[in-house]
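Reading through the C-alpha cells given below for one structure.
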Amino acid sequence: MNKPEKRNASSYCNYNDSFLSYDQNRQPNGLQEILHIFGQTRIPVEEQTVLEGGFGTGAYINHIRHSMKEVYGVEGSEQGYEETKQKVGDADNVHLQIGNILDLSFSDDFFDAYMVNQVLHHIDTDRSYPNLTLFLKESRRVIKPGGALTINTCSQEQLNPHSGVYWNYKYIEKAALTLQARYVPVPKLISRLEELGFTDIKTTMPSGKLFQEQYYHDPRLALDTDFQKADSIYCFCSEKQINEANTLIRSGIDDGSIYQHMEQAEKQAQKIGEAVIVSARKPL
Ligand SMILES: C[S@@+](CC[C@H](N)C(=O)[O-])C[C@H]1O[C@@H](n2cnc3c(N)ncnc32)[C@H](O)[C@@H]1O
C-alpha cells in the first residue's frame, strides 16, 4: 500500500520535500527586530503568549521559546511540523499544530503577539489578495487588544530580478517575476491593515540575512539542488529553466561577471535590506 501524502499548505510549493534541506540554507532573519516590536507593547516579552503562523521547520520558535512565556505554532506542512517537534524536544511552553492560518482554532483575544515570517506569498494566487484579508481578519480576532502583529515579507524592489537583493534571481527571471507577483506590495499590505482597523502600522528593515553565509560569496551554491529546494522560487522553474540558469551561472563564474553582479546585489541589500517587517497593533 502507498504511504499517504504528507499534508502541505503552500499554494505552489511542496514543503515536505523542501524542508529536508531548509535549515542548512536559511537563517531566521529579523528575529531581534520582531522581539523588539513585541517588547514595545504593554506586557513584558517574557510574560507574553505568542503565535507563529507558518512556522516551517521551527527556526524562529526554537529561539523565542527561551524568551517568551507560551509559544503556539500553526503550520500547514506535516514535514515542517515533525522537524519542529524534534527541534523543540519536550519544551512544555511550546504548543504546535498542523493547521491553516486562514482558519485558526484559537478563541478571540488569545495572543499578546502574532508573527508570520515569509508566509503571505504562499496564501494567494489572485492579485487582489483575497486570502490576505482572511488572514488579517483572523489575526485581528485572535490577538488581544493592544497586541502586536508582525509580518516578515519582501518588497517588490527587493525581489526585482535585476536590481534586487537576491543575485541568483537574475538567472531565473521568469520565476522571479512570478514570485514577485505573489508578494503583496508593501503599500497595499499597509492599506489593507488600515482598512481592517489595525493601528501603529510601521515598517522595519531587519538587519540579518535570509540565507546561509556561503550564498553571499560563493555562486556555486546556487547550482546545488539542496539549496534550490530551500527557496520556493525554484518551484516556479521547469527543469529546462534550471539547466539554462546553471549554464549562465557557470559561464558567469568562468568570466568573473557574476561576482560584479553579486556585489551589486549586496550593496542593494545594505541599502534596502533583504526583507521588511510590517508591524501593527490591534487597537485597545
Ligand atoms: C517560506 S516558508 C517560511 C517558514 C518559516 N516561517 C521560516 O521563515 O523559516 C512558508 C511556510 O508557510 C507555510 N504555510 C503556507 N500557507 C500556509 C497556511 N495557509 N497555513 C499554515 N501554514 C502555511 C508553509 O507550509 C511553509 O512552512
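Chains: A, B, ... in order of the C-alpha cells. Residues: from 1 per chain. Ligands: from 1, in order shown.
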Neighbours of ligand 1 within 7 Å, counting only C-alpha atoms and all ligand atoms, as a PDB file with N, CA and C atoms, in the first residue's frame?
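What ended up in out_33.pdb:
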```pdb
ATOM      1  N   ASN A   8       0.267  19.502   3.227  1.00  0.00           N
ATOM      2  CA  ASN A   8       1.052  20.638   2.748  1.00  0.00           C
ATOM      3  C   ASN A   8       0.090  21.787   2.480  1.00  0.00           C
ATOM      4  N   ALA A   9       0.509  23.057   2.768  1.00  0.00           N
ATOM      5  CA  ALA A   9      -0.454  24.157   2.631  1.00  0.00           C
ATOM      6  C   ALA A   9      -0.118  25.171   1.553  1.00  0.00           C
ATOM      7  N   SER A  10       1.136  25.278   1.145  1.00  0.00           N
ATOM      8  CA  SER A  10       1.505  26.331   0.206  1.00  0.00           C
ATOM      9  C   SER A  10       0.732  26.200  -1.103  1.00  0.00           C
ATOM     10  N   SER A  11       0.430  27.347  -1.726  1.00  0.00           N
ATOM     11  CA  SER A  11      -0.328  27.334  -2.984  1.00  0.00           C
ATOM     12  C   SER A  11       0.548  26.913  -4.166  1.00  0.00           C
ATOM     13  N   TYR A  15       6.398  21.728   0.513  1.00  0.00           N
ATOM     14  CA  TYR A  15       7.402  21.910   1.552  1.00  0.00           C
ATOM     15  C   TYR A  15       7.839  20.601   2.195  1.00  0.00           C
ATOM     16  N   PRO A  28      16.917  32.621  10.542  1.00  0.00           N
ATOM     17  CA  PRO A  28      15.696  33.321  10.981  1.00  0.00           C
ATOM     18  C   PRO A  28      15.893  34.840  11.001  1.00  0.00           C
ATOM     19  N   GLY A  53       2.508  31.808  12.760  1.00  0.00           N
ATOM     20  CA  GLY A  53       1.738  31.180  11.677  1.00  0.00           C
ATOM     21  C   GLY A  53       2.702  30.750  10.586  1.00  0.00           C
ATOM     22  N   GLY A  54       2.614  29.508  10.122  1.00  0.00           N
ATOM     23  CA  GLY A  54       3.507  29.005   9.075  1.00  0.00           C
ATOM     24  C   GLY A  54       4.926  28.942   9.589  1.00  0.00           C
ATOM     25  N   PHE A  55       5.142  28.171  10.674  1.00  0.00           N
ATOM     26  CA  PHE A  55       6.457  28.204  11.349  1.00  0.00           C
ATOM     27  C   PHE A  55       7.527  27.396  10.638  1.00  0.00           C
ATOM     28  N   GLY A  56       7.174  26.695   9.557  1.00  0.00           N
ATOM     29  CA  GLY A  56       8.178  25.979   8.769  1.00  0.00           C
ATOM     30  C   GLY A  56       8.876  24.919   9.590  1.00  0.00           C
ATOM     31  N   THR A  57      10.208  24.990   9.642  1.00  0.00           N
ATOM     32  CA  THR A  57      10.977  23.999  10.408  1.00  0.00           C
ATOM     33  C   THR A  57      11.251  24.483  11.846  1.00  0.00           C
ATOM     34  N   GLY A  58      10.601  25.572  12.236  1.00  0.00           N
ATOM     35  CA  GLY A  58      10.659  25.983  13.642  1.00  0.00           C
ATOM     36  C   GLY A  58      11.872  26.801  14.041  1.00  0.00           C
ATOM     37  N   ALA A  59      12.567  27.400  13.070  1.00  0.00           N
ATOM     38  CA  ALA A  59      13.781  28.159  13.409  1.00  0.00           C
ATOM     39  C   ALA A  59      13.469  29.328  14.350  1.00  0.00           C
ATOM     40  N   TYR A  60      12.367  30.035  14.099  1.00  0.00           N
ATOM     41  CA  TYR A  60      12.017  31.181  14.956  1.00  0.00           C
ATOM     42  C   TYR A  60      11.516  30.685  16.317  1.00  0.00           C
ATOM     43  N   VAL A  74       1.179  27.265  14.265  1.00  0.00           N
ATOM     44  CA  VAL A  74       0.287  26.590  13.317  1.00  0.00           C
ATOM     45  C   VAL A  74       1.026  26.487  11.994  1.00  0.00           C
ATOM     46  N   GLU A  75       1.125  25.277  11.468  1.00  0.00           N
ATOM     47  CA  GLU A  75       1.899  25.070  10.232  1.00  0.00           C
ATOM     48  C   GLU A  75       1.124  24.109   9.311  1.00  0.00           C
ATOM     49  N   GLY A  76       1.208  24.403   8.003  1.00  0.00           N
ATOM     50  CA  GLY A  76       0.458  23.591   7.043  1.00  0.00           C
ATOM     51  C   GLY A  76       1.213  22.384   6.521  1.00  0.00           C
ATOM     52  N   SER A  77       2.513  22.308   6.755  1.00  0.00           N
ATOM     53  CA  SER A  77       3.269  21.158   6.242  1.00  0.00           C
ATOM     54  C   SER A  77       3.581  20.178   7.370  1.00  0.00           C
ATOM     55  N   GLY A  80       7.299  19.988   8.152  1.00  0.00           N
ATOM     56  CA  GLY A  80       7.742  21.110   8.986  1.00  0.00           C
ATOM     57  C   GLY A  80       7.353  20.883  10.439  1.00  0.00           C
ATOM     58  N   GLY A  99      -2.222  23.039  10.761  1.00  0.00           N
ATOM     59  CA  GLY A  99      -3.477  23.758  10.534  1.00  0.00           C
ATOM     60  C   GLY A  99      -3.306  24.816   9.472  1.00  0.00           C
ATOM     61  N   ASN A 100      -4.302  25.697   9.403  1.00  0.00           N
ATOM     62  CA  ASN A 100      -4.362  26.706   8.349  1.00  0.00           C
ATOM     63  C   ASN A 100      -4.481  28.085   8.987  1.00  0.00           C
ATOM     64  N   ILE A 101      -3.566  28.979   8.639  1.00  0.00           N
ATOM     65  CA  ILE A 101      -3.600  30.313   9.262  1.00  0.00           C
ATOM     66  C   ILE A 101      -4.819  31.135   8.825  1.00  0.00           C
ATOM     67  N   LEU A 102      -5.547  30.649   7.829  1.00  0.00           N
ATOM     68  CA  LEU A 102      -6.749  31.379   7.394  1.00  0.00           C
ATOM     69  C   LEU A 102      -7.956  30.989   8.245  1.00  0.00           C
ATOM     70  N   VAL A 116       4.182  36.211  11.442  1.00  0.00           N
ATOM     71  CA  VAL A 116       4.336  35.334  10.270  1.00  0.00           C
ATOM     72  C   VAL A 116       5.617  35.773   9.557  1.00  0.00           C
ATOM     73  N   ASN A 117       6.428  34.792   9.203  1.00  0.00           N
ATOM     74  CA  ASN A 117       7.710  35.078   8.560  1.00  0.00           C
ATOM     75  C   ASN A 117       7.764  34.424   7.189  1.00  0.00           C
ATOM     76  N   GLN A 118       7.789  35.243   6.156  1.00  0.00           N
ATOM     77  CA  GLN A 118       7.883  34.753   4.770  1.00  0.00           C
ATOM     78  C   GLN A 118       6.797  33.721   4.459  1.00  0.00           C
ATOM     79  N   VAL A 119       5.570  34.053   4.788  1.00  0.00           N
ATOM     80  CA  VAL A 119       4.455  33.121   4.592  1.00  0.00           C
ATOM     81  C   VAL A 119       3.404  33.676   3.620  1.00  0.00           C
ATOM     82  N   HIS A 122       2.507  32.712   0.033  1.00  0.00           N
ATOM     83  CA  HIS A 122       2.010  31.349  -0.251  1.00  0.00           C
ATOM     84  C   HIS A 122       0.496  31.264  -0.227  1.00  0.00           C
ATOM     85  N   ILE A 123      -0.188  32.286   0.275  1.00  0.00           N
ATOM     86  CA  ILE A 123      -1.616  32.081   0.534  1.00  0.00           C
ATOM     87  C   ILE A 123      -2.524  32.547  -0.604  1.00  0.00           C
ATOM     88  N   SER A 232      11.561  28.645  -2.324  1.00  0.00           N
ATOM     89  CA  SER A 232      10.388  28.197  -3.084  1.00  0.00           C
ATOM     90  C   SER A 232      10.328  28.801  -4.487  1.00  0.00           C
TER      91      SER A 232
END
```
Per DSSP on the backbone, what are the strand (DSSP E or B) residues of range 47-250 of chain A, as a count of residues only? 43
Taking the chain letters and numbering used in this document, name the residues of range 33-229 of chain A that DSSP puts in alpha helix (DSSP H), as a PyMOL selection string. chain A and resi 33-39+59-64+78-88+130-142+156-159+173-182+186-195+225-229
Residues just named, written with C-alpha atoms as a short mmCIF file (atom, residue, chain, number, x, y, z; two decimals), in the first residue's frame:
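Everything below was put into selection.cif:
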```cif
data_model
loop_
_atom_site.label_atom_id
_atom_site.label_comp_id
_atom_site.auth_asym_id
_atom_site.auth_seq_id
_atom_site.Cartn_x
_atom_site.Cartn_y
_atom_site.Cartn_z
CA GLU A 33 13.66 43.26 15.48
CA ILE A 34 10.50 41.18 15.96
CA LEU A 35 11.23 40.65 19.67
CA HIS A 36 11.87 44.38 19.97
CA ILE A 37 8.46 45.15 18.40
CA PHE A 38 6.75 42.68 20.78
CA GLY A 39 8.58 44.38 23.66
CA ALA A 59 13.78 28.16 13.41
CA TYR A 60 12.02 31.18 14.96
CA ILE A 61 10.05 29.18 17.53
CA ASN A 62 13.18 27.42 18.71
CA HIS A 63 14.73 30.81 19.54
CA ILE A 64 11.78 32.67 21.00
CA GLU A 78 3.44 17.91 8.12
CA GLN A 79 7.19 17.64 7.47
CA GLY A 80 7.74 21.11 8.99
CA TYR A 81 5.62 20.17 11.98
CA GLU A 82 7.62 16.98 12.58
CA GLU A 83 11.01 18.72 12.22
CA THR A 84 9.92 21.45 14.64
CA LYS A 85 8.66 18.89 17.17
CA GLN A 86 12.09 17.29 17.11
CA LYS A 87 13.85 20.62 17.43
CA VAL A 88 11.94 21.84 20.49
CA PRO A 130 -8.39 37.84 -1.02
CA ASN A 131 -6.73 35.39 1.41
CA LEU A 132 -4.65 38.23 2.79
CA THR A 133 -7.89 39.77 4.05
CA LEU A 134 -8.94 36.44 5.60
CA PHE A 135 -5.52 36.15 7.25
CA LEU A 136 -5.67 39.69 8.65
CA LYS A 137 -9.23 39.23 9.96
CA GLU A 138 -8.21 36.00 11.71
CA SER A 139 -5.12 37.74 13.11
CA ARG A 140 -7.17 40.59 14.46
CA ARG A 141 -9.61 38.15 16.04
CA VAL A 142 -7.00 36.10 17.95
CA GLN A 156 8.80 44.43 -4.86
CA GLU A 157 12.15 46.26 -5.02
CA GLN A 158 13.97 43.58 -3.03
CA LEU A 159 12.62 40.85 -5.32
CA GLU A 173 13.97 35.90 -14.28
CA LYS A 174 10.60 34.42 -15.26
CA ALA A 175 10.24 32.63 -11.93
CA ALA A 176 11.35 35.78 -10.10
CA LEU A 177 8.61 37.81 -11.77
CA THR A 178 6.03 35.14 -10.91
CA LEU A 179 7.21 35.13 -7.29
CA GLN A 180 7.20 38.93 -7.16
CA ALA A 181 3.52 38.89 -8.19
CA ARG A 182 2.72 36.51 -5.31
CA VAL A 186 4.03 46.65 0.93
CA PRO A 187 1.86 49.81 0.38
CA LYS A 188 -1.10 47.53 -0.43
CA LEU A 189 -0.47 45.47 2.72
CA ILE A 190 -0.38 48.67 4.77
CA SER A 191 -3.64 49.94 3.32
CA ARG A 192 -5.31 46.58 3.98
CA LEU A 193 -4.15 46.75 7.62
CA GLU A 194 -5.60 50.26 7.87
CA GLU A 195 -8.92 49.19 6.33
CA THR A 225 19.83 21.15 -5.73
CA ASP A 226 19.60 21.21 -1.93
CA PHE A 227 19.99 24.99 -1.95
CA GLN A 228 17.38 25.25 -4.71
CA LYS A 229 14.93 23.24 -2.59
#
```
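Interatomic distance, CA of Glu46 in chain A against CA of Arg65 in chain A: 9.5 Å.
Minimum atom-to-atom distance to Gly252 in chain A, evaluated using only C-alpha atoms, belongs to A:Asp218 out of A:Asp112, A:Asp218, A:Glu70, A:Asp103.
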Spatial neighbours of Glu266 in chain A, 10 Å, only C-alpha atoms, chain gap at least 6 places, as a ChimeraX atom specification: /A:164-167,216-217,260,272-274
Could those residues be written to a file, using C-alpha atoms, as an mmCIF file, in the first residue's frame?
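Saved result, result.cif, follows:
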```cif
data_model
loop_
_atom_site.group_PDB
_atom_site.id
_atom_site.type_symbol
_atom_site.label_atom_id
_atom_site.label_comp_id
_atom_site.auth_asym_id
_atom_site.auth_seq_id
_atom_site.Cartn_x
_atom_site.Cartn_y
_atom_site.Cartn_z
ATOM 1 C CA GLY A 164 17.058 43.473 -6.272
ATOM 2 C CA VAL A 165 18.931 41.846 -3.411
ATOM 3 C CA TYR A 166 18.822 38.171 -4.441
ATOM 4 C CA TRP A 167 21.604 37.824 -7.005
ATOM 5 C CA TYR A 216 26.839 35.746 -0.289
ATOM 6 C CA HIS A 217 30.279 34.870 -1.593
ATOM 7 C CA GLN A 260 30.212 42.005 -10.001
ATOM 8 C CA ILE A 272 17.128 48.353 1.451
ATOM 9 C CA GLY A 273 17.522 45.124 3.472
ATOM 10 C CA GLU A 274 16.707 41.595 2.391
#
```
note - CA of Asp254 in chain A and CA of Cys237 in chain A are separated by 23.8 Å
May I ask which of the residues A:Tyr183, A:Ile151, A:Ser257, A:Ile249 is the closest one to Leu31 in chain A, counting only C-alpha atoms? A:Ile151
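The neighbours of range 200-206 of chain A here are the residues that come within 7 Å of it, using only C-alpha atoms and leaving out any residue fewer than 2 positions away in the same chain; they are Asn29, Gly30, Glu33, Gly208, Gly273, Ala275, Val276, Ile277, Val278, Ser279, Ala280 and Arg281 of chain A.
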For the residues in the current selection, export C-alpha atoms as a PDB file, in the first residue's frame.
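In the end it all went to out_23.pdb:
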```pdb
ATOM      1  CA  ASN A  29      16.064  36.832   9.616  1.00  0.00           C
ATOM      2  CA  GLY A  30      14.563  39.681  11.674  1.00  0.00           C
ATOM      3  CA  GLU A  33      13.658  43.256  15.476  1.00  0.00           C
ATOM      4  CA  GLY A 208      20.097  39.957   9.379  1.00  0.00           C
ATOM      5  CA  GLY A 273      17.522  45.124   3.472  1.00  0.00           C
ATOM      6  CA  ALA A 275      13.215  41.672   3.850  1.00  0.00           C
ATOM      7  CA  VAL A 276      10.800  44.051   5.520  1.00  0.00           C
ATOM      8  CA  ILE A 277       8.831  43.659   8.735  1.00  0.00           C
ATOM      9  CA  VAL A 278       5.422  45.285   8.638  1.00  0.00           C
ATOM     10  CA  SER A 279       4.066  45.555  12.172  1.00  0.00           C
ATOM     11  CA  ALA A 280       0.727  46.712  13.551  1.00  0.00           C
ATOM     12  CA  ARG A 281      -1.390  46.626  16.703  1.00  0.00           C
TER      13      ARG A 281
END
```
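Minimum atom-to-atom distance to Leu284 in chain A, evaluated using only C-alpha atoms, belongs to A:Thr199 out of A:Asn93, A:Ser128, A:Thr49, A:Thr199.
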